[in-house]
Each structure stands twice: as structure tokens, then as C-alpha cells.
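The next block holds one structure in the form of C-alpha cells; read it before the comments.
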Amino acid sequence: MEKIAIFSDVHGNLSALNAFFDDAKKCGATDYWFLGDLFGPGPDVEELWNKLKEINPSVLIRGNWEDFFINSLHQNSKVPTNIKTIERYIINHLKDPDKICQEIEQYPISTEKTINDVKIGLSHNLPYDNQGDSLSIRSSSKNLAELFTGKRKNIDIAIYAHIHHPTMRYVDLNCLNQQVANYDYSLADERLVLNIGSIGLPFDKPTHLYKECRAEYLLLEVGDEGDVYPRLKRISYNNSPTFEKAIKNDLPFKEQYINNFEL
Ligand SMILES: [Mn+2]
């Protein structure tokens with residue numbers, strides 16, 4: 001049995017990343033895949049990089065916040081002003097931002113893995129675009145089918161990040177129009193789509209009781225016969241060290257950042 005801990009959207013939150021890593025180790029994870037967005041807008045920077053190195057994922061994907069970092073370091077005008085302010089904080093809190101930038105620039109925005117003959121597509125958002133809102137929880141099957149285009153036609157499962165809402169659903173590539181009456185199910189070409197949520201900045205409200213503020217990740221078990229067991233996990237942790245650091249370091253937009261977690 002392979003047990004892969006798939007995580008992303010850490011967004012500057014070391015307390016959450018620690019909680020995730022402790023849990024994944026306890027569960028006996030055999031591998032780690034990182035799907036992007038390590039730094040910003042939270043306060044943790046250098047320690048977060050060191051922790052990622054310690055976790056040592058075999059997959060490293062470049063998210064839109066990695067691109068913000070790269071473009072800010074190269075003083076590219078494409079970065080929005082408020083993001084630039086956050087990136088300046090990140091760059092100032094790294095010992096060697098240029099070296100880290102060189103590493104991050106090498107990350108692809110998508111990749112494919114085969115585990116016990118199960119073909120898995122991995123991306124931050126779309127395989128060819130790591131930003132935008134086209135794969136949100138409101139998006140149509142047509143949009144999600146973009147995860148299976150081009151050389152990804154034979155992929156069994158598409159796994160992505162970015163939207164901060166842990167989700168599991170199927171897309172029928174032969175029925176992207178949801179208005180079909182008397183559908184012939186023998187024509188179905190169903191593929192599994194998973195969103196892994198967010199380690200450090202979840203946006204989902206799984207019940208009417210509360211907004212999620214646990215570290216979210218996917219523990220994907222793949223058996224020897226290609227049987228898959230996706231577990232969307234939520235790990236509770238104490239995020240007061242993160243908030244204290246935000247205040248102590250005078251993190252840009254710190255009130256806005258902390259308000260994200262208010263219940
Ligand atoms: Mn993102």
C-alpha cells in the first residue's frame with residue numbers, strides 16, 4: 001500500500017505545516033507531494049522553507065504565489081501592488097532569496113505520476129495555468145474536463161489545489177452538458193477529481209457551525225491492485241504562534257490576515 005501525503009497552500013503558516021507533517025508521519029506516509037503556494041500572506045518565511053526541505057517532497061509544483069515571488073524578485077511589474085508589499089516582506093525575511101528563487105523557478109506547474117498503474121495528474125490549478133477562478137466549487141464539468149486534455153487524456157485521477165476547498169467529485173468526459181435527458185450510461189467516461197484543500201488558509205465552511213481553520217491535506221492510499229482510498233484530512237492545531245509572529249514582525253495587512261481565521 002502506497003500512502004502519499006499531498007499538500008499545498010501553506011500560505012506562510014508554519015504552525016499548520018507542522019501539524020500536517022506530524023499527522024502524516026503518524027499515519028505512515030510513504031511519500032510527499034507539494035502542489036504549490038508556500039509563502040505569503042502569513043508571517044512565516046525562512047523556517048517554512050527549511051521545513052519544506054525537511055519534508056522533502058518528491059513532487060514540487062509551482063503555484064501562483066511562487067510566481068508572485070519570482071516576479072517580485074525580478075522586479076516584474078505584473079505583480080499587483082498589495083502582493084508586492086507582501087513579497088517584499090518575504091524577500092526581507094529570507095537569508096538567500098536568490099538561491100530559493102532559482103530553485104522555485106525550476107518547479108513545473110503540473111506533472112503526472114503513476115502509482116501501482118494508477119495514472120494521476122497533479123497541478124496547482126489548471127495543468128497549463130496556475131491562477132484564476134475556473135476550477136472553483138462553482139465551476140461546471142466543462143471547466144473541470146480541462147484537467148484531462150492533451151497528453152492527460154488517459155489520466156485516471158486529477159488532483160489540484162488553489163481553491164482551498166477539499167472536494168471529491170467525478171467528471172464524465174462524455175457528458176459535459178448536464179441537461180441531458182435519458183442518458184445512456186454505457187457511454188460514460190467518468191474520471192475522479194480531487195481538491196486537497198489548504199494547509200494554512202482554508203476557505204471552506206463544511207457545516208453551518210463554523211469556517212474551517214484546520215490544516216487540510218489529502219492522504220491518498222493506493223493499493224497493489226490500483227485500488228484508491230482518498231482521505232481528505234483536517235488537523236486541528238494552535239495558530240496563536242502564527243498570529244503572534246504576524247504582530248511581532250509587523251506583517252503587512254496583518255489584521256486582514258488574522259481576520260481570515262475568525263469563526
Ligand atoms: Mn494558489
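Every chain in the C-alpha cells has a letter given in the order shown (A, B, ...), and although residue numbers restart at 1 in each chain, ligands are simply numbered from 1 in the order shown.
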Environment of ligand 1 within 12 Å, counting only C-alpha atoms and all ligand atoms, reported as an NGL selection string: :A and (8-11 or 35-41 or 61-68 or 109 or 123-126 or 129-133 or 135-136 or 160-165 or 196-202)
Distance query range 4-7 of chain A at most 8 Å, only C-alpha atoms, self and fewer than 4 positions along chain excluded, as number ranges by chain: A: 24, 29-35, 196-199, 216-221
Write out as a PDB file with C-alpha atoms, in the first residue's frame all residues of range 11-120 of chain A that backbone DSSP assigns to strand (DSSP E or B).
ATOM      1  CA  ASP A  31       5.823   9.923   0.084  1.00  0.00           C
ATOM      2  CA  TYR A  32       5.001  13.641  -0.013  1.00  0.00           C
ATOM      3  CA  TRP A  33       3.776  15.721  -2.964  1.00  0.00           C
ATOM      4  CA  PHE A  34       3.633  19.524  -2.711  1.00  0.00           C
ATOM      5  CA  VAL A  59       6.842  16.341  -6.312  1.00  0.00           C
ATOM      6  CA  LEU A  60       7.166  20.144  -6.189  1.00  0.00           C
ATOM      7  CA  SER A 110       1.869  20.381 -13.481  1.00  0.00           C
ATOM      8  CA  THR A 111       3.121  16.820 -13.665  1.00  0.00           C
ATOM      9  CA  GLU A 112       1.899  13.224 -13.872  1.00  0.00           C
ATOM     10  CA  LYS A 113       2.677  10.239 -11.656  1.00  0.00           C
ATOM     11  CA  THR A 114       1.816   6.549 -11.996  1.00  0.00           C
ATOM     12  CA  ILE A 115       1.368   4.607  -8.753  1.00  0.00           C
ATOM     13  CA  VAL A 118      -2.995   4.363 -11.465  1.00  0.00           C
ATOM     14  CA  LYS A 119      -2.350   7.455 -13.581  1.00  0.00           C
ATOM     15  CA  ILE A 120      -2.519  10.657 -11.549  1.00  0.00           C
TER      16      ILE A 120
END
Distance in Å - CA of Ile159 in chain A versus CA of Asp189 in chain A: 17.3 Å
All residues 9 Å or closer to range 43-51 of chain A, only C-alpha atoms, same chain fewer than 3 positions away omitted, as a PyMOL selection string: chain A and resi 10-15+17-18+38-40+54-56+89-91+93-95+100+242-243+245-247+249-252+254
Which residue of A:Glu87, A:Glu225, A:Glu190, A:Asp204 approaches Lys153 in chain A most closely, using only C-alpha atoms: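 Among A:Glu87, A:Glu225, A:Glu190, A:Asp204, it is A:Glu190 that comes nearest to Lys153 in chain A.
Here the question is which of A:Phe69, A:Lys78, A:Ser140, A:Arg169 gets nearest to Asn92 in chain A using only C-alpha atoms, and that residue is A:Phe69.
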DSSP helix (DSSP H, G or I) residues within range 15-229 of chain A, as a ChimeraX atom specification: /A:15-26,46-55,64-73,81-92,97-105,141-148,150-152,185-187
For the residues selected in the previous step, produce a file with C-alpha atoms as a PDB file, in the first residue's frame.
ATOM      1  CA  SER A  15       2.063  26.059  12.802  1.00  0.00           C
ATOM      2  CA  ALA A  16      -0.275  24.490  10.236  1.00  0.00           C
ATOM      3  CA  LEU A  17       2.561  22.905   8.231  1.00  0.00           C
ATOM      4  CA  ASN A  18       3.991  21.365  11.415  1.00  0.00           C
ATOM      5  CA  ALA A  19       0.575  19.943  12.362  1.00  0.00           C
ATOM      6  CA  PHE A  20       0.226  18.413   8.890  1.00  0.00           C
ATOM      7  CA  PHE A  21       3.713  16.852   8.915  1.00  0.00           C
ATOM      8  CA  ASP A  22       3.262  15.372  12.396  1.00  0.00           C
ATOM      9  CA  ASP A  23      -0.041  13.806  11.344  1.00  0.00           C
ATOM     10  CA  ALA A  24       1.253  12.465   8.015  1.00  0.00           C
ATOM     11  CA  LYS A  25       4.246  10.863   9.748  1.00  0.00           C
ATOM     12  CA  LYS A  26       1.937   9.299  12.344  1.00  0.00           C
ATOM     13  CA  GLU A  46      12.714  31.113   6.366  1.00  0.00           C
ATOM     14  CA  GLU A  47      11.539  28.419   8.825  1.00  0.00           C
ATOM     15  CA  LEU A  48       8.854  27.397   6.361  1.00  0.00           C
ATOM     16  CA  TRP A  49      11.435  26.890   3.628  1.00  0.00           C
ATOM     17  CA  ASN A  50      13.560  24.796   5.999  1.00  0.00           C
ATOM     18  CA  LYS A  51      10.521  22.713   6.935  1.00  0.00           C
ATOM     19  CA  LEU A  52       9.695  22.071   3.270  1.00  0.00           C
ATOM     20  CA  LYS A  53      13.291  20.883   2.819  1.00  0.00           C
ATOM     21  CA  GLU A  54      12.875  18.571   5.823  1.00  0.00           C
ATOM     22  CA  ILE A  55       9.601  17.131   4.423  1.00  0.00           C
ATOM     23  CA  ASN A  64       0.627  31.386  -8.404  1.00  0.00           C
ATOM     24  CA  TRP A  65       2.275  32.621  -5.165  1.00  0.00           C
ATOM     25  CA  GLU A  66       5.596  31.126  -6.316  1.00  0.00           C
ATOM     26  CA  ASP A  67       5.152  33.195  -9.485  1.00  0.00           C
ATOM     27  CA  PHE A  68       4.403  36.305  -7.382  1.00  0.00           C
ATOM     28  CA  PHE A  69       7.671  35.664  -5.514  1.00  0.00           C
ATOM     29  CA  ILE A  70       9.708  35.112  -8.697  1.00  0.00           C
ATOM     30  CA  ASN A  71       8.209  38.156 -10.448  1.00  0.00           C
ATOM     31  CA  SER A  72       8.701  40.381  -7.392  1.00  0.00           C
ATOM     32  CA  LEU A  73      12.340  39.355  -7.051  1.00  0.00           C
ATOM     33  CA  THR A  81       0.760  46.385  -5.545  1.00  0.00           C
ATOM     34  CA  ASN A  82      -0.538  44.786  -2.330  1.00  0.00           C
ATOM     35  CA  ILE A  83       1.005  41.411  -3.270  1.00  0.00           C
ATOM     36  CA  LYS A  84       4.286  43.211  -3.980  1.00  0.00           C
ATOM     37  CA  THR A  85       4.207  44.590  -0.421  1.00  0.00           C
ATOM     38  CA  ILE A  86       3.789  41.054   0.966  1.00  0.00           C
ATOM     39  CA  GLU A  87       6.536  39.710  -1.310  1.00  0.00           C
ATOM     40  CA  ARG A  88       8.897  42.444  -0.105  1.00  0.00           C
ATOM     41  CA  TYR A  89       8.292  41.187   3.461  1.00  0.00           C
ATOM     42  CA  ILE A  90       9.027  37.603   2.302  1.00  0.00           C
ATOM     43  CA  ILE A  91      12.217  38.559   0.452  1.00  0.00           C
ATOM     44  CA  ASN A  92      13.424  40.576   3.505  1.00  0.00           C
ATOM     45  CA  PRO A  97      16.140  34.746  -1.646  1.00  0.00           C
ATOM     46  CA  ASP A  98      18.023  34.485  -4.969  1.00  0.00           C
ATOM     47  CA  LYS A  99      19.011  30.875  -4.369  1.00  0.00           C
ATOM     48  CA  ILE A 100      15.448  29.966  -3.353  1.00  0.00           C
ATOM     49  CA  CYS A 101      14.113  31.767  -6.423  1.00  0.00           C
ATOM     50  CA  GLN A 102      16.425  29.755  -8.682  1.00  0.00           C
ATOM     51  CA  GLU A 103      15.077  26.538  -7.158  1.00  0.00           C
ATOM     52  CA  ILE A 104      11.416  27.554  -7.345  1.00  0.00           C
ATOM     53  CA  GLU A 105      11.773  28.647 -10.977  1.00  0.00           C
ATOM     54  CA  SER A 141     -17.897  19.879 -15.601  1.00  0.00           C
ATOM     55  CA  LYS A 142     -16.752  21.558 -18.809  1.00  0.00           C
ATOM     56  CA  ASN A 143     -14.159  23.553 -16.865  1.00  0.00           C
ATOM     57  CA  LEU A 144     -13.042  20.525 -14.839  1.00  0.00           C
ATOM     58  CA  ALA A 145     -12.673  18.486 -18.048  1.00  0.00           C
ATOM     59  CA  GLU A 146      -9.717  20.788 -18.851  1.00  0.00           C
ATOM     60  CA  LEU A 147      -7.788  18.704 -16.304  1.00  0.00           C
ATOM     61  CA  PHE A 148      -7.953  15.795 -18.798  1.00  0.00           C
ATOM     62  CA  GLY A 150      -3.946  16.996 -24.324  1.00  0.00           C
ATOM     63  CA  LYS A 151      -1.436  14.435 -23.077  1.00  0.00           C
ATOM     64  CA  ARG A 152      -3.593  13.961 -19.964  1.00  0.00           C
ATOM     65  CA  TYR A 185     -24.771   5.326 -19.056  1.00  0.00           C
ATOM     66  CA  SER A 186     -22.824   2.831 -21.180  1.00  0.00           C
ATOM     67  CA  LEU A 187     -21.237   5.858 -22.864  1.00  0.00           C
TER      68      LEU A 187
END
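Each of A:Thr167, A:Asn177, A:Gln256, A:Ser58 was checked against Lys233 in chain A using only C-alpha atoms; the smallest atom-to-atom distance is that of A:Thr167.
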Separation of CA of Asn260 in chain A from CA of Phe203 in chain A, in Å and rounded to one decimal: 8.2 Å
